[in-house]
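Visitor: Structure: final06.cif, mmCIF, C-alpha atoms and all ligand atoms.
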data_model
loop_
_atom_site.label_atom_id
_atom_site.label_comp_id
_atom_site.auth_asym_id
_atom_site.auth_seq_id
_atom_site.Cartn_x
_atom_site.Cartn_y
_atom_site.Cartn_z
CA MET N 1 96.84 77.24 60.71
CA ALA N 2 94.26 76.21 63.30
CA ASP N 3 94.29 79.54 65.14
CA TYR N 4 94.71 83.12 64.05
CA TYR N 5 96.35 84.20 67.31
CA GLU N 6 98.79 81.87 69.05
CA GLN N 7 100.81 82.91 72.09
CA LYS N 8 104.00 81.39 70.75
CA ASP N 9 103.76 83.62 67.68
CA LEU N 10 104.85 86.53 69.86
CA ALA N 11 108.40 85.20 69.44
CA ASP N 12 107.97 85.54 65.68
CA PHE N 13 107.81 89.32 66.04
CA ALA N 14 111.60 89.31 65.79
CA HIS N 15 111.22 87.98 62.23
CA ILE N 16 108.77 90.47 60.81
CA GLY N 17 111.62 91.85 58.70
CA GLU N 18 111.44 88.70 56.57
CA TYR N 19 110.88 89.46 52.85
CA ALA N 20 111.69 93.15 53.47
CA PRO N 21 114.84 93.12 55.63
CA GLU N 22 115.81 96.76 55.08
CA LEU N 23 112.42 98.08 56.06
CA GLY N 24 112.37 95.62 58.95
CA LYS N 25 115.68 96.95 60.23
CA LYS N 26 114.50 100.55 59.91
CA TYR N 27 111.38 99.66 61.83
CA PHE N 28 113.27 97.93 64.66
CA ASP N 29 115.76 100.79 64.96
CA TYR N 30 112.87 103.23 65.20
CA TYR N 31 110.96 101.02 67.64
CA GLY N 32 114.02 100.62 69.86
CA GLU N 33 114.72 104.36 69.89
CA ALA N 34 111.12 105.31 70.58
CA LEU N 35 110.75 102.94 73.55
CA LYS N 36 114.02 103.51 75.38
CA ASP N 37 114.67 105.80 78.37
CA GLY N 38 114.50 109.41 77.24
CA ALA N 39 112.68 112.51 78.47
CA LEU N 40 110.08 109.90 79.45
CA SER N 41 111.35 106.89 81.41
CA ALA N 42 111.15 103.36 80.00
CA ARG N 43 108.51 102.71 82.71
CA GLU N 44 106.30 105.56 81.54
CA LYS N 45 106.69 104.43 77.95
CA ALA N 46 105.78 100.86 78.85
CA LEU N 47 102.56 102.14 80.42
CA ILE N 48 101.71 104.14 77.31
CA ALA N 49 102.42 101.07 75.18
CA LEU N 50 100.17 98.96 77.41
CA ALA N 51 97.31 101.44 77.04
CA VAL N 52 97.75 101.48 73.26
CA ALA N 53 97.95 97.67 73.16
CA THR N 54 94.60 97.32 74.93
CA THR N 55 92.82 99.98 72.89
CA GLN N 56 94.13 98.38 69.71
CA HIS N 57 93.14 94.90 70.93
CA CYS N 58 96.53 93.38 70.17
CA PRO N 59 97.00 90.17 72.22
CA TYR N 60 100.72 90.05 71.43
CA CYS N 61 101.33 93.60 72.62
CA ILE N 62 99.18 93.11 75.70
CA ASP N 63 101.28 90.05 76.58
CA ALA N 64 104.56 91.81 75.84
CA TYR N 65 103.76 95.04 77.68
CA THR N 66 102.10 93.45 80.70
CA ASN N 67 105.35 91.52 81.14
CA GLN N 68 107.43 94.60 80.43
CA CYS N 69 105.50 96.63 83.02
CA LEU N 70 105.91 93.87 85.61
CA SER N 71 109.62 93.68 84.81
CA LEU N 72 110.00 97.41 85.28
CA GLY N 73 108.33 97.30 88.68
CA VAL N 74 105.07 98.94 87.59
CA SER N 75 102.31 98.21 90.10
CA GLN N 76 98.96 96.61 89.26
CA GLU N 77 97.20 99.86 90.16
CA GLU N 78 99.38 101.85 87.77
CA MET N 79 98.73 99.37 84.98
CA MET N 80 94.98 99.42 85.52
CA GLU N 81 94.96 103.23 85.60
CA ALA N 82 96.79 103.26 82.27
CA VAL N 83 94.15 100.94 80.82
CA HIS N 84 91.44 103.30 82.11
CA VAL N 85 93.16 106.23 80.40
CA GLY N 86 93.00 104.27 77.13
CA SER N 87 89.43 103.25 77.81
CA ALA N 88 88.32 106.82 78.67
CA MET N 89 90.08 108.12 75.56
CA VAL N 90 88.33 105.56 73.35
CA ALA N 91 84.96 106.37 74.97
CA GLY N 92 85.62 110.08 74.46
CA ILE N 93 86.59 109.54 70.85
CA VAL N 94 83.38 107.56 70.23
CA LEU N 95 81.28 110.24 71.92
CA ALA N 96 83.09 113.06 70.12
CA HIS N 97 81.98 111.44 66.87
CA SER N 98 78.39 111.92 67.95
CA THR N 99 78.97 115.59 67.05
CA GLN N 100 78.68 114.55 63.42
CA MET N 101 75.47 112.67 64.17
CA ARG N 102 74.02 115.56 66.16
CA LYS N 103 74.90 118.06 63.43
CA ILE N 104 73.13 115.94 60.85
CA ILE N 105 70.08 115.47 63.06
CA LYS N 106 69.85 119.21 63.66
CA LYS N 107 70.21 120.01 59.98
CA LYS N 108 67.52 117.52 58.96
CA GLU N 109 64.99 118.15 61.70
CA MET N 110 62.02 120.34 60.97
CA MET W 111 104.26 65.44 85.35
CA ASP W 112 107.22 64.92 83.05
CA GLU W 113 109.67 67.78 82.96
CA PRO W 114 109.10 69.60 79.67
CA ARG W 115 112.24 69.38 77.56
CA ILE W 116 114.25 72.55 77.20
CA HIS W 117 115.30 73.01 73.65
CA PRO W 118 118.05 73.69 72.83
CA SER W 119 119.78 72.64 76.05
CA PHE W 120 122.22 75.13 77.58
CA GLU W 121 125.14 72.90 76.60
CA GLN W 122 123.96 72.86 72.96
CA LYS W 123 123.62 76.62 73.00
CA MET W 124 127.23 77.26 74.02
CA ALA W 125 129.99 77.23 71.45
CA ALA W 126 132.49 75.88 73.98
CA PRO W 127 132.29 74.63 77.57
CA LEU W 128 132.33 77.33 80.23
CA LYS W 129 135.65 77.63 82.10
CA ALA W 130 136.66 79.49 85.23
CA GLU W 131 139.24 82.25 84.91
CA GLY W 132 140.41 82.64 88.47
CA ILE W 133 138.78 83.06 91.85
CA ASP W 134 138.12 86.67 92.86
CA THR W 135 135.21 85.86 95.13
CA PHE W 136 135.04 83.17 97.77
CA GLN W 137 131.35 82.72 98.55
CA ILE W 138 130.45 80.88 101.72
CA ASN W 139 126.94 79.66 102.43
CA LEU W 140 126.63 79.55 106.22
CA GLY W 141 123.51 77.40 106.03
CA TYR W 142 119.89 77.35 105.12
CA ARG W 143 118.40 78.82 108.29
CA CYS W 144 116.32 81.95 107.87
CA ASN W 145 113.56 83.70 109.80
CA LEU W 146 111.64 84.14 106.53
CA GLU W 147 110.36 81.64 103.98
CA CYS W 148 110.21 83.65 100.78
CA ARG W 149 108.22 82.21 97.90
CA HIS W 150 111.03 82.73 95.40
CA CYS W 151 113.81 81.28 97.58
CA HIS W 152 116.08 78.97 95.58
CA VAL W 153 117.61 77.80 98.88
CA GLU W 154 114.21 76.84 100.34
CA ALA W 155 115.50 78.41 103.55
CA GLY W 156 113.44 78.64 106.70
CA PRO W 157 113.51 78.68 110.50
CA ASN W 158 113.55 74.88 110.79
CA ARG W 159 116.41 74.12 108.43
CA ARG W 160 119.21 72.32 110.25
CA GLU W 161 122.01 72.61 107.68
CA LEU W 162 124.68 74.88 109.15
CA LEU W 163 128.37 75.21 108.35
CA SER W 164 130.42 73.47 111.06
CA ARG W 165 133.14 75.25 113.00
CA ALA W 166 135.67 72.85 111.44
CA VAL W 167 134.64 73.87 107.91
CA MET W 168 134.72 77.55 108.93
CA GLU W 169 138.30 77.04 110.06
CA MET W 170 139.17 75.36 106.77
CA CYS W 171 137.69 78.34 104.90
CA LEU W 172 139.79 80.74 106.96
CA GLN W 173 142.89 78.68 106.31
CA VAL W 174 142.28 78.71 102.56
CA LEU W 175 141.77 82.48 102.70
CA GLN W 176 144.95 82.93 104.75
CA CYS W 177 146.98 81.01 102.17
CA HIS W 178 145.48 82.66 99.09
CA PRO W 179 144.96 86.37 98.50
CA ILE W 180 141.38 85.98 97.21
CA PRO W 181 140.14 89.60 97.38
CA THR W 182 136.43 89.20 98.19
CA ILE W 183 134.67 87.12 100.85
CA ASP W 184 130.97 86.85 100.11
CA ILE W 185 128.86 85.47 102.96
CA THR W 186 125.36 84.20 102.28
CA GLY W 187 122.71 81.76 103.55
CA GLY W 188 119.76 81.57 104.55
CA THR W 189 120.41 84.70 106.44
CA PRO W 190 123.94 84.48 107.86
CA GLU W 191 123.07 86.13 111.21
CA MET W 192 121.22 83.00 112.33
CA HIS W 193 124.42 80.95 112.38
CA PRO W 194 125.51 80.90 116.05
CA ASP W 195 129.23 81.12 115.13
CA PHE W 196 128.81 83.95 112.66
CA PRO W 197 130.02 86.76 114.99
CA TRP W 198 133.27 84.86 115.59
CA PHE W 199 133.62 83.99 111.91
CA LEU W 200 133.03 87.58 110.86
CA GLU W 201 135.76 88.82 113.24
CA GLU W 202 138.17 86.25 111.79
CA CYS W 203 137.30 87.27 108.22
CA ALA W 204 137.74 90.94 109.13
CA ALA W 205 141.22 90.17 110.46
CA LEU W 206 142.17 88.94 106.98
CA ASP W 207 141.64 92.44 105.61
CA ARG W 208 139.63 91.55 102.53
CA ARG W 209 136.51 93.02 101.05
CA ILE W 210 133.62 91.39 102.90
CA LEU W 211 130.06 91.18 101.63
CA VAL W 212 127.15 89.91 103.68
CA ARG W 213 123.87 89.01 102.02
CA THR W 214 121.14 89.47 104.58
CA ASN W 215 117.38 89.55 104.51
CA GLY W 216 117.54 92.84 106.42
CA VAL W 217 114.59 92.24 108.70
CA ILE W 218 116.63 89.91 110.95
CA LEU W 219 118.60 92.99 112.04
CA LEU W 220 115.53 94.22 113.95
CA GLU W 221 115.14 91.03 115.99
CA GLY W 222 116.43 91.07 119.58
CA PRO W 223 119.53 88.89 119.57
CA TYR W 224 120.58 89.99 116.10
CA THR W 225 120.50 93.78 116.47
CA PRO W 226 124.24 93.95 117.41
CA PHE W 227 125.05 93.03 113.80
CA LEU W 228 124.11 96.56 112.72
CA ASN W 229 127.12 97.94 114.59
CA LEU W 230 129.32 94.94 113.86
CA TYR W 231 128.83 95.38 110.12
CA ALA W 232 129.63 99.08 110.34
CA LYS W 233 132.70 98.43 112.51
CA HIS W 234 134.18 96.00 109.99
CA ARG W 235 133.01 98.07 107.04
CA VAL W 236 131.16 95.07 105.64
CA GLU W 237 129.30 95.67 102.38
CA VAL W 238 125.69 94.89 103.16
CA VAL W 239 123.45 93.43 100.46
CA VAL W 240 119.78 93.47 101.39
CA SER W 241 117.06 91.58 99.55
CA PHE W 242 114.43 94.18 98.59
CA PRO W 243 112.20 92.73 95.87
CA HIS W 244 109.88 95.64 95.20
CA VAL W 245 109.12 99.22 96.23
CA ASP W 246 105.45 98.26 96.30
CA MET W 247 104.46 97.01 99.76
CA LYS W 248 101.94 94.46 98.50
CA MET W 249 104.38 92.89 96.06
CA THR W 250 107.16 92.59 98.64
CA ASN W 251 104.84 91.13 101.27
CA ARG W 252 103.38 88.62 98.83
CA GLN W 253 106.83 87.35 98.03
CA ARG W 254 108.43 87.48 101.47
CA GLY W 255 105.61 87.43 104.01
CA GLU W 256 103.10 89.74 105.67
CA GLY W 257 104.67 92.79 107.33
CA VAL W 258 108.10 92.30 105.78
CA TYR W 259 108.00 95.52 103.76
CA SER W 260 107.62 97.87 106.72
CA ARG W 261 110.28 95.98 108.69
CA LEU W 262 112.61 96.21 105.72
CA ILE W 263 112.13 99.96 105.56
CA GLU W 264 112.91 100.15 109.28
CA ALA W 265 116.06 98.03 108.85
CA VAL W 266 117.32 100.17 105.97
CA ARG W 267 116.63 103.27 108.08
CA MET W 268 118.82 101.87 110.84
CA LEU W 269 121.58 101.07 108.37
CA ASN W 270 121.29 104.58 106.91
CA ALA W 271 121.59 106.00 110.44
CA ARG W 272 124.97 104.26 110.77
CA GLY W 273 126.13 105.81 107.53
CA TYR W 274 125.23 102.92 105.22
CA GLY W 275 124.28 104.09 101.74
CA GLN W 276 125.12 107.70 102.60
CA PRO W 277 127.37 109.54 100.15
CA GLY W 278 130.97 109.81 101.34
CA SER W 279 130.64 107.31 104.21
CA GLY W 280 132.27 104.46 102.34
CA LEU W 281 129.72 102.13 103.94
CA ILE W 282 128.08 100.31 101.07
CA LEU W 283 124.45 99.27 101.12
CA ASN W 284 123.22 97.55 98.00
CA LEU W 285 119.69 96.30 97.44
CA VAL W 286 118.57 93.27 95.46
CA HIS W 287 115.50 93.27 93.25
CA ASN W 288 113.87 89.97 92.27
CA PRO W 289 110.73 89.76 90.16
CA SER W 290 107.65 88.92 92.23
CA GLY W 291 106.29 86.44 89.73
CA ALA W 292 106.94 84.49 86.55
CA TYR W 293 108.68 87.20 84.53
CA LEU W 294 112.19 88.50 83.95
CA PRO W 295 113.61 91.60 85.64
CA GLY W 296 113.66 94.84 83.67
CA LEU W 297 116.76 96.89 82.96
CA GLN W 298 118.73 97.54 86.12
CA ASN W 299 119.26 101.20 85.37
CA SER W 300 115.53 101.92 84.98
CA LEU W 301 114.62 99.98 88.10
CA GLU W 302 117.40 101.58 90.11
CA ASN W 303 116.14 105.06 89.22
CA HIS W 304 112.63 104.05 90.15
CA TYR W 305 113.74 102.57 93.50
CA ARG W 306 115.91 105.57 94.33
CA GLN W 307 113.13 108.03 93.72
CA ALA W 308 110.35 106.00 95.34
CA LEU W 309 112.32 105.08 98.48
CA LYS W 310 113.57 108.62 98.96
CA GLU W 311 110.13 110.19 98.47
CA LYS W 312 108.09 107.66 100.40
CA HIS W 313 110.48 106.78 103.22
CA GLY W 314 113.51 109.08 103.09
CA ILE W 315 115.90 106.13 102.75
CA VAL W 316 118.97 105.80 100.53
CA PHE W 317 121.17 103.05 99.12
CA ASN W 318 124.16 102.70 96.79
CA GLN W 319 123.25 100.30 93.99
CA LEU W 320 120.36 98.10 93.00
CA PHE W 321 121.18 94.60 91.71
CA CYS W 322 118.51 93.04 89.52
CA ILE W 323 118.60 89.28 89.84
CA THR W 324 116.68 86.87 87.65
CA ASN W 325 114.79 84.24 89.62
CA MET W 326 116.35 80.85 88.99
CA PRO W 327 114.16 77.87 88.18
CA ILE W 328 115.33 76.10 91.36
CA GLY W 329 113.88 75.43 94.82
CA ARG W 330 110.65 77.17 95.82
CA TYR W 331 110.61 79.29 92.68
CA LEU W 332 110.64 76.14 90.55
CA THR W 333 107.77 74.73 92.61
CA PHE W 334 105.85 77.97 92.06
CA LEU W 335 106.51 77.89 88.29
CA LYS W 336 105.28 74.32 88.02
CA LYS W 337 102.26 74.74 90.27
CA THR W 338 101.05 77.76 88.33
CA GLU W 339 101.84 76.15 84.96
CA ASN W 340 104.33 78.89 84.18
CA TYR W 341 107.40 76.67 83.92
CA GLU W 342 107.44 76.16 80.18
CA GLU W 343 106.67 79.78 79.33
CA TYR W 344 109.31 81.02 81.79
CA MET W 345 111.99 78.70 80.43
CA THR W 346 111.07 79.70 76.87
CA ALA W 347 111.41 83.36 77.84
CA LEU W 348 114.87 82.61 79.30
CA VAL W 349 115.99 80.63 76.25
CA ASN W 350 114.69 83.29 73.84
CA ALA W 351 116.51 85.98 75.80
CA PHE W 352 119.85 84.08 75.78
CA ASN W 353 122.63 86.61 75.29
CA PRO W 354 126.08 85.16 74.47
CA ALA W 355 127.73 88.41 75.64
CA THR W 356 126.86 87.45 79.23
CA LEU W 357 129.05 84.32 79.08
CA GLU W 358 132.12 86.49 79.57
CA SER W 359 131.02 87.55 83.04
CA VAL W 360 128.79 84.87 84.56
CA MET W 361 129.76 84.74 88.21
CA CYS W 362 131.01 81.13 88.20
CA LYS W 363 133.92 82.30 86.04
CA TYR W 364 135.38 84.30 88.89
CA SER W 365 133.98 82.81 92.05
CA LEU W 366 133.72 79.62 94.03
CA SER W 367 130.89 78.62 96.35
CA VAL W 368 131.37 76.66 99.58
CA GLY W 369 128.37 74.76 100.91
CA TRP W 370 127.39 74.26 104.55
CA ASP W 371 129.03 70.81 104.48
CA GLY W 372 132.31 72.06 102.99
CA LYS W 373 131.56 70.87 99.48
CA LEU W 374 132.64 73.13 96.63
CA TYR W 375 130.35 74.36 93.89
CA ASP W 376 130.60 76.64 90.87
CA CYS W 377 127.84 78.80 92.33
CA ASP W 378 125.12 78.89 94.96
CA PHE W 379 122.59 77.64 92.40
CA ASN W 380 124.58 74.51 91.61
CA GLN W 381 124.88 74.08 95.37
CA MET W 382 121.11 73.85 95.71
CA LEU W 383 121.02 71.34 92.88
CA GLY W 384 123.73 69.24 94.54
CA MET W 385 126.04 69.66 91.54
CA THR W 386 129.54 69.90 93.04
CA VAL W 387 132.52 71.11 90.99
CA ASN W 388 133.69 68.39 88.67
CA HIS W 389 135.88 67.77 85.66
CA GLY W 390 138.89 66.97 87.85
CA ALA W 391 138.63 69.84 90.36
CA PRO W 392 138.49 68.85 94.05
CA GLU W 393 134.96 68.80 95.39
CA HIS W 394 135.61 69.51 99.07
CA ILE W 395 137.30 72.39 100.87
CA GLU W 396 139.60 69.86 102.58
CA MET W 397 141.26 69.25 99.22
CA PHE W 398 141.32 72.91 98.13
CA ASP W 399 143.77 73.45 95.32
CA LEU W 400 143.76 76.92 93.80
CA ASN W 401 145.41 75.92 90.55
CA SER W 402 142.97 73.25 89.55
CA LEU W 403 139.98 75.24 90.83
CA ALA W 404 140.93 78.52 89.19
CA ASN W 405 140.87 76.95 85.74
CA ARG W 406 138.16 74.38 86.28
CA ARG W 407 135.52 73.58 83.74
CA ILE W 408 132.14 74.72 85.06
CA VAL W 409 129.31 72.27 85.63
CA THR W 410 126.35 73.69 83.72
CA GLY W 411 122.68 72.85 83.21
CA ASN W 412 119.52 74.43 81.86
CA HIS W 413 119.19 76.58 84.98
CA CYS W 414 122.23 78.49 83.63
CA TYR W 415 119.84 80.14 81.18
CA GLY W 416 118.83 82.20 84.22
CA CYS W 417 122.29 83.81 84.34
CA THR W 418 122.50 84.48 80.62
CA ALA W 419 119.11 85.94 79.70
CA GLY W 420 118.94 89.53 78.49
CA ALA W 421 121.42 91.68 80.36
CA GLY W 422 122.41 88.62 82.39
CA SER W 423 122.23 88.04 86.11
CA SER W 424 124.70 87.44 88.88
CA CYS W 425 125.04 88.11 92.60
CA ARG W 426 125.88 91.65 91.54
CA GLY W 427 122.95 91.98 89.17
CA GLU W 428 123.31 92.68 85.46
CA ILE W 429 126.52 91.63 83.75
CA ALA W 430 126.21 92.67 80.09
S1 LIG N 501 115.17 84.40 99.90
FE1 LIG N 501 116.62 85.01 101.46
S2 LIG N 501 115.36 85.92 103.05
FE2 LIG N 501 113.99 84.74 101.78
S3 LIG N 501 113.85 82.71 102.73
FE3 LIG N 501 115.49 82.62 101.20
S4 LIG N 501 117.32 83.06 102.34
FE4 LIG N 501 115.62 83.77 103.59
S1 LIG N 502 123.91 78.90 87.23
FE1 LIG N 502 125.03 80.72 86.50
S2 LIG N 502 126.75 80.93 87.88
FE2 LIG N 502 125.94 78.86 88.15
S3 LIG N 502 127.14 77.57 86.78
FE3 LIG N 502 125.33 78.23 85.64
S4 LIG N 502 125.99 80.08 84.57
FE4 LIG N 502 127.48 79.70 86.16
#
Output the structure of this file as structure tokens.
Ligand code: SF4
Ligand code: SF4
Guide:
Amino acid sequence: MADYYEQKDLADFAHIGEYAPELGKKYFDYYGEALKDGALSAREKALIALAVATTQHCPYCIDAYTNQCLSLGVSQEEMMEAVHVGSAMVAGIVLAHSTQMRKIIKKKEM
Amino acid sequence: MDEPRIHPSFEQKMAAPLKAEGIDTFQINLGYRCNLECRHCHVEAGPNRRELLSRAVMEMCLQVLQCHPIPTIDITGGTPEMHPDFPWFLEECAALDRRILVRTNGVILLEGPYTPFLNLYAKHRVEVVVSFPHVDMKMTNRQRGEGVYSRLIEAVRMLNARGYGQPGSGLILNLVHNPSGAYLPGLQNSLENHYRQALKEKHGIVFNQLFCITNMPIGRYLTFLKKTENYEEYMTALVNAFNPATLESVMCKYSLSVGWDGKLYDCDFNQMLGMTVNHGAPEHIEMFDLNSLANRRIVTGNHCYGCTAGAGSSCRGEIA
């Protein structure tokens, strides 16, 4: 247990149903359905997943979805733009929370 | 550097040895000469390669085809156009009235002495398979050389102008996608949709099908994997993606590959590894014997994981 995150542990994702196989199966069915070609293409979904993976700081998902995007022929520019969407969203969410701060300041100020 | 061990080996992974179930496709490698030197090339083809099929071996191939009604003749290289006897050989193949496929790099068709092949292919209704790794110019050029993308577009345009890839023409133009790096190809259907839309919108060009082919850890691609320290991770990805359902349709089960020197192989990949057919089947076209070859046991190795990962991979793309 030398490291918390190890690259080879990505392969263990297939076994997350261990100790709760029924829930695991339900999760994988859902995951598979949500990510496959639909009204949005698998490419578009892979880009969304990549943006989520970076905003959520998940090294496994970043690895998996960078590879998935490459496999689906997504260009570097498209990937980087997706990351910027995530980044701009996170920045916006942080700044939107300043509303709370500003409301408090205004209420307290003389 | 010692070769990292692949565990489990492909042989351990299979329940039973792989066996051929007939020969539907007779694949002939005309030689390793090519005007390009792509970074993923398992053949390590290039303009200075000297290995070319001799006229004598070409005649032996024609004789075998005359005696046996093998339905498909699949011609590959290098790029076949650079073989000086190819025009003659193509005419002879056409006279046999079989389905003929030619795997070309496309861009050769724009070069002076080779432009007549555009009409020759159309005349003999050859199915043309063009290597087209990516719809992104940068990615294609990185893999196949500066300026290749725009020449490819031009070549496809010229094929389209002769009816290739156009609905109702019966002239088949298929494209081949190969990953431009150390990763596996995505689902063929998704990539085909993406190619169709992008090529139509950006360049107004059309094609029939896209074949997604996994890069094999052989030749220049193997060198690239090792140099960039991607070999182990790539092989692990292949092993983890092993799909037993692909074993039914791996191409060696239904095809035979003839090398430039007349030697027989289970596939073009084994050819590059120098692994001739074995287990009692004759290893040279001179000794061709349909019965023993049609049921031969296949010679396999860890590179076979490339054909069996995910949706599988063959000369016609996905197989499962
Ligand atoms: S991949 Fe094809 S086009 Fe590229 S060097 Fe090899 S034979 Fe030539
Ligand atoms: S590399 Fe593929 S086609 Fe060749 S012998 Fe192995 S499984 Fe068969």
Visitor: Please report as a VMD selection string which residues of chain N come no farther than 8 Å from chain W, using all atoms listed in the file.
Guide: chain N and resid 11 37 41 to 43 67 to 68 70 to 73 75
Visitor: Rounded to one decimal in Å, what is the spacing between atom CA of W:Leu262 and atom CA of W:Arg160?
Guide: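 Distance between the two atoms: 25.2 Å.
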Visitor: From the options W:Leu175, W:Leu400, W:Ile218, W:Met168, which residue's atoms come nearest to W:Asn145, counting all atoms listed in the file?
Guide: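 Of the candidates, the smallest distance to W:Asn145 is held by W:Ile218.
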Visitor: Enumerate residues in contact with ligand LIG 501 (chain N): an atom-to-atom distance of at most 9 Å, counting all atoms listed in the file. Format the result as a ChimeraX atom specification.
Guide: /W:142-157,186-190,213-218,240-241,253-254
Visitor: Go through the chains and note each residue within 10 Å of ligand LIG 502 (chain N), using all atoms listed in the file, then give the set as a PyMOL selection string.
Guide: chain W and resi 120+128-130+326-328+356-357+359-367+375-381+383+385+387+407-418+422-425
Visitor: Would you mind writing stretch 266-272 of chain W with all heavy atoms, as an mmCIF file, in the frame of the given file?
Guide:
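Output (result.cif):
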data_model
loop_
_atom_site.group_PDB
_atom_site.id
_atom_site.type_symbol
_atom_site.label_atom_id
_atom_site.label_comp_id
_atom_site.auth_asym_id
_atom_site.auth_seq_id
_atom_site.Cartn_x
_atom_site.Cartn_y
_atom_site.Cartn_z
ATOM 1 N N VAL W 266 116.489 99.313 106.827
ATOM 2 C CA VAL W 266 117.320 100.170 105.970
ATOM 3 C C VAL W 266 117.538 101.527 106.650
ATOM 4 O O VAL W 266 118.630 102.091 106.609
ATOM 5 C CB VAL W 266 116.687 100.340 104.568
ATOM 6 C CG1 VAL W 266 117.442 101.368 103.740
ATOM 7 C CG2 VAL W 266 116.653 99.003 103.840
ATOM 8 N N ARG W 267 116.496 102.015 107.347
ATOM 9 C CA ARG W 267 116.630 103.270 108.080
ATOM 10 C C ARG W 267 117.755 103.165 109.120
ATOM 11 O O ARG W 267 118.562 104.070 109.280
ATOM 12 C CB ARG W 267 115.313 103.564 108.785
ATOM 13 C CG ARG W 267 114.870 104.960 108.534
ATOM 14 C CD ARG W 267 113.564 105.318 109.160
ATOM 15 N NE ARG W 267 112.645 105.693 108.106
ATOM 16 C CZ ARG W 267 111.400 105.307 108.015
ATOM 17 N NH1 ARG W 267 110.882 104.515 108.927
ATOM 18 N NH2 ARG W 267 110.662 105.710 107.005
ATOM 19 N N MET W 268 117.804 102.050 109.809
ATOM 20 C CA MET W 268 118.820 101.870 110.840
ATOM 21 C C MET W 268 120.210 101.763 110.227
ATOM 22 O O MET W 268 121.193 102.246 110.791
ATOM 23 C CB MET W 268 118.509 100.646 111.689
ATOM 24 C CG MET W 268 117.182 100.843 112.414
ATOM 25 S SD MET W 268 116.791 99.512 113.513
ATOM 26 C CE MET W 268 117.364 100.196 115.020
ATOM 27 N N LEU W 269 120.287 101.139 109.074
ATOM 28 C CA LEU W 269 121.580 101.070 108.370
ATOM 29 C C LEU W 269 121.988 102.467 107.905
ATOM 30 O O LEU W 269 123.146 102.874 108.049
ATOM 31 C CB LEU W 269 121.498 100.089 107.196
ATOM 32 C CG LEU W 269 121.458 98.600 107.583
ATOM 33 C CD1 LEU W 269 120.954 97.738 106.438
ATOM 34 C CD2 LEU W 269 122.847 98.119 108.025
ATOM 35 N N ASN W 270 121.026 103.193 107.354
ATOM 36 C CA ASN W 270 121.290 104.580 106.910
ATOM 37 C C ASN W 270 121.813 105.420 108.089
ATOM 38 O O ASN W 270 122.735 106.218 107.953
ATOM 39 C CB ASN W 270 120.024 105.247 106.364
ATOM 40 C CG ASN W 270 119.668 104.831 104.936
ATOM 41 O OD1 ASN W 270 118.601 105.161 104.433
ATOM 42 N ND2 ASN W 270 120.549 104.116 104.264
ATOM 43 N N ALA W 271 121.204 105.199 109.266
ATOM 44 C CA ALA W 271 121.590 106.000 110.440
ATOM 45 C C ALA W 271 123.047 105.735 110.829
ATOM 46 O O ALA W 271 123.705 106.587 111.429
ATOM 47 C CB ALA W 271 120.671 105.663 111.610
ATOM 48 N N ARG W 272 123.557 104.557 110.482
ATOM 49 C CA ARG W 272 124.970 104.260 110.770
ATOM 50 C C ARG W 272 125.893 104.683 109.632
ATOM 51 O O ARG W 272 127.077 104.377 109.657
ATOM 52 C CB ARG W 272 125.120 102.768 111.065
ATOM 53 C CG ARG W 272 124.644 102.440 112.467
ATOM 54 C CD ARG W 272 124.298 100.993 112.653
ATOM 55 N NE ARG W 272 123.874 100.756 114.034
ATOM 56 C CZ ARG W 272 122.654 101.024 114.500
ATOM 57 N NH1 ARG W 272 121.735 101.543 113.708
ATOM 58 N NH2 ARG W 272 122.352 100.789 115.761
#
